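Novice: Mind having a look at this structure? Questions to follow.
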Amino acid sequence: MALETRKSLKQGRQRVTLRRDERAPFVAPIERLRMSNEAIATLESVSMSQRLAVDVRNVSLTFETADGKVDALSNVSLQVADGEFVSFIGPSGCGKTTMLRLIADLQQPTSGALLVNGMSAEQARLERRYGYVFQAPALFPWRTIEKNLKLPLEIMGFSDNEQRERATRYLALVNLTGFERKYPWQLSGGMQQRVSIARALSFDPALLLMDEPFGALDEIVRDHLNEQLLQLWDKTGKTVLFVTHSIPEAVFLSTKIVVMSPRPGRIVDIIDCNFRRDRTLEIRETPEFLKIAQRVRVGLRAGHSYDE
Ligand SMILES: Nc1ncnc2c1ncn2[C@@H]1O[C@H](COP(=O)(O)OP(=O)(O)OP(=O)(O)O)[C@@H](O)[C@H]1O
Ligand SMILES: [Mg+2]
């Protein structure tokens with residue numbers, strides 16, 4: 001059945017008709033947030049005064065499954081200021097994706113509270129304050145690359161010209177000019193992930209949630225995209241929350257690295273990285289870089305011993 005999008009961010013723009021399954025990643029139907037009004041009011045005043053992009057307070061999340069309860073996150077608190085680049089690193093299953101999904105309001109905490117851009121996560125989702133690059137590219141096989149990229153722009157009611165212009169610009173940014181009319185299955189996994197990155201950037205959200213976006217790419221492309229992402233972050237002042245399994249990638253990209261323990265995910269260390277914003281890949285050879293990488297390694301090891 002075709003569904004019409006209910007809300008256009010820009011008044012007077014065209015409406016778009018989409019199949020239900022096309023809308024899911026952008027307009028997921030979600031349960032109500034379980035935060036009290038009082039908790040929201042308190043957090044709002046704190047977050048606004050400090051210009052926090054993300055404010056997570058004592059959040060825990062337990063999944064109820066057929067095999068019993070799964071404690072995914074335990075008492076996590078984290079404040080991310082506007083414009084930071086924060087990486088999450090930790091063993092598989094420690095709750096990194098869950099953390100991003102909470103911030104994106106695709107999941108609700110069992111306890112605790114969180115705010116995104118000074119508002120509830122639900123409000124931030126409805127106002128499309130973030131772009132989300134999923135762990136898998138999540139492209140629609142029946143849409144061409146260009147049409148995949150344009151999907152959020154269509155939903156938001158951008159004009160045809162603007163959609164075309166942005167598709168061209170963001171496909172060029174990820175080195176995919178010339179692939180506009182191909183279908184996702186005609187591209188390699190890495191190329192598909194680059195389309196997904198371009199799609200998340202296309203509507204210029206202040207907050208980017210990126211779940212291992214470069215995990216499937218070869219070293220050279222990954223280095224290139226790391227540098228491009230850094231430049232983009234530097235130029236635009238976006239806030240980026242970035243999940244990775246790579247210590248060098250986390251150290252190279254981040255202003256802050258959040259090291260997590262195995263399930264139930266806890267934060268074992270938060271490490272500040274104060275490299276120049278216009279850094280290049282050469283910093284990976286410097287003693288400062290290696291020192292931070294070592295501290296991340298120690299944090300990961302310490303986290304592992306908790307699990308025993
Ligand atoms: N919808 C769900 N229902 C039940 N359990 C879930 C659900 N989503 C995640 N989990 C569990 O919560 C834990 C954390 O999962 P999550 O996907 O956040 O891990 P991760 O740190 O992103 O791992 P990876 O590095 O492998 O991507 C895992 O044990 C996972 O099995
Ligand atoms: Mg994950």
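Naming works like this for the structure tokens: A, B, ... for the chains as they're shown, residue 1 at the start of each chain, ligands 1 onward in shown order.
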Grab me every residue within 12 Å of ligand 1, counting only C-alpha atoms and all ligand atoms, and send it over as a VMD selection string.
Specialist: chain A and resid 60 to 74 88 to 102 106 to 108 134 to 136 210 to 213 215 242 to 246 259 to 267
Novice: I'd like the neighbourhood of segment 195-198 of chain A as a list in words, where a residue qualifies if any of its atoms comes within 6 Å (using only C-alpha atoms), though same-chain residues fewer than 4 positions away should be ignored.
Specialist: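 The neighbour list is Val133, Pro137, Tyr170 and Ser202 of chain A.
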Novice: Please provide as a list of chain:residue names all residues within 9 Å of segment 228-235 of chain A, with the sequence filter that same-chain residues fewer than 3 positions apart are discarded (counting only C-alpha atoms).
Specialist: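 Residues near the query, excluding close chain neighbours: A:Gly83, A:Glu84, A:Phe85, A:Leu173, A:Val174, A:Asp223, A:His224, A:Leu225, A:Lys238, A:Thr239, A:Val240, A:Phe252, A:Leu253, A:Ser254, A:Arg277, A:Asp278, A:Arg279.
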Novice: What residues in segment 193-263 of chain A get the DSSP label strand (DSSP E)? Please answer as number ranges by chain.
Specialist: A: 207-211, 239-243, 256-260
Novice: Do you have the atom CA of Thr177 of chain A-atom CA of Thr144 of chain A distance handy?
Specialist: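 About the pair atom CA of Thr177 of chain A and atom CA of Thr144 of chain A: they are 13.2 Å apart.
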